[in-house]
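Q: The structure's right below; bear with me while I get my questions together.
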Amino acid sequence: MSVTEKNETLSVISERHAVKKYEKGFVLPEADLNAILTAASEAPSSWNLQHWRFLVIESEADKAKLLPIAYGQTQVVDSSVTIAVLGDLEANRNTFIYDQAVEAGALPAEVRDALVGQINGAYQNPQIARDEAIRNASFASQNIMLAARSLGYDTCPMGGYNPQQLIEAFNIPARFVPTLLITVGKAAEPARPSGRFPLSEVVVKGSF
């Protein structure tokens, strides 16, 4: 057996598939949920601004409220939790992370000042702010799904929902843009097999 064939991380990636049907009533242990969210928060981010917030929807009342917003997709009520991954449109306000680094002696003040100036300059462009919010929230989303699978749980990323209704129903501040819903729980039925294009179709080396 080769090194790649027995690599646990590669196995988790290979085993992850979108699950639509969950064991209704299964309660996700708080420690496991926190481990999944911690893994999400350890995703990489541009300028280390950590452009994400995680809205955890787990009470029966909140699940019922979410159901019509998700166009009646029952996985949001049958799964243990649904995590709404939000992107931060004002992540330039998070530069206090550099103040902490300066105080800890890990970053020179002049470097902090240069970075903050660079960031605030970029965030004058609303399109950059939105692109960064969505891009970096996506990194965190993948960590959620892989961490859940590594702990024996299943997930489904969902783009089928009404973002404006989600904002209104769950009082999401204007600073944050919904990017994805991710259901997490125990599968009641295996995921439907899905094919993947071979590398020859998706990899271009050097130039097109």
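In the structure tokens, chains take letters A, B, ... by order of appearance, with residues numbered from 1 within each chain and ligands from 1 in the order shown.
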Would you list the contacts of Ala43 (chain A) as a ChimeraX atom specification, taking every protein, DNA or RNA residue within 8 Å and counting only C-alpha atoms, but skipping same-chain residues closer than 6 positions in sequence?
A: /A:139-140,143
Q: For the residues in that selection, give me C-alpha atoms as a compact mmCIF listing (two decimals), in the first residue's frame.
A:
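Saved file again.txt follows:
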```
# COMPACT_ATOMS: atom_id res chain seq x y z
CA PHE A 139 -12.17 28.12 3.16
CA ALA A 140 -13.89 27.80 6.54
CA ASN A 143 -12.96 22.80 7.02
```
Q: Region 47-82 of chain A: which residues are strand (DSSP E or B) by DSSP, as a list in words?
A: Trp52, Arg53, Phe54, Leu55, Val56, Ile57, Val81 and Thr82 of chain A
Q: Which one of A:Gln75, A:Asn171, A:Gln164, A:Ser150 sits closest to Ser14 (chain A) if you count only C-alpha atoms?
A: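 Nearest candidate to Ser14 (chain A) out of A:Gln75, A:Asn171, A:Gln164, A:Ser150: A:Ser150.
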Q: Could you tell me which of A:Pro108, A:Ala187, A:Phe54, A:Asp154 comes closest to Ser138 (chain A) if we count only C-alpha atoms?
A: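 Of the candidates, the smallest distance to Ser138 (chain A) is held by A:Phe54.
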Q: So that I can see what lies close to region 176-182 of chain A, please list as a PyMOL selection string the residues with an atom at most 10 Å from it, counting only C-alpha atoms and leaving out residues fewer than 6 positions away in the same chain.
A: chain A and resi 18+51-57+70+75-76+79+81-91+130+133-135+137-138+141-142+144-145+154-164+166-167
Q: Looking at A:Asn34, A:Ser207, A:Asn48, A:Ser194, which one is nearest to Glu15 (chain A), with distances taken over only C-alpha atoms?
A: A:Ser194
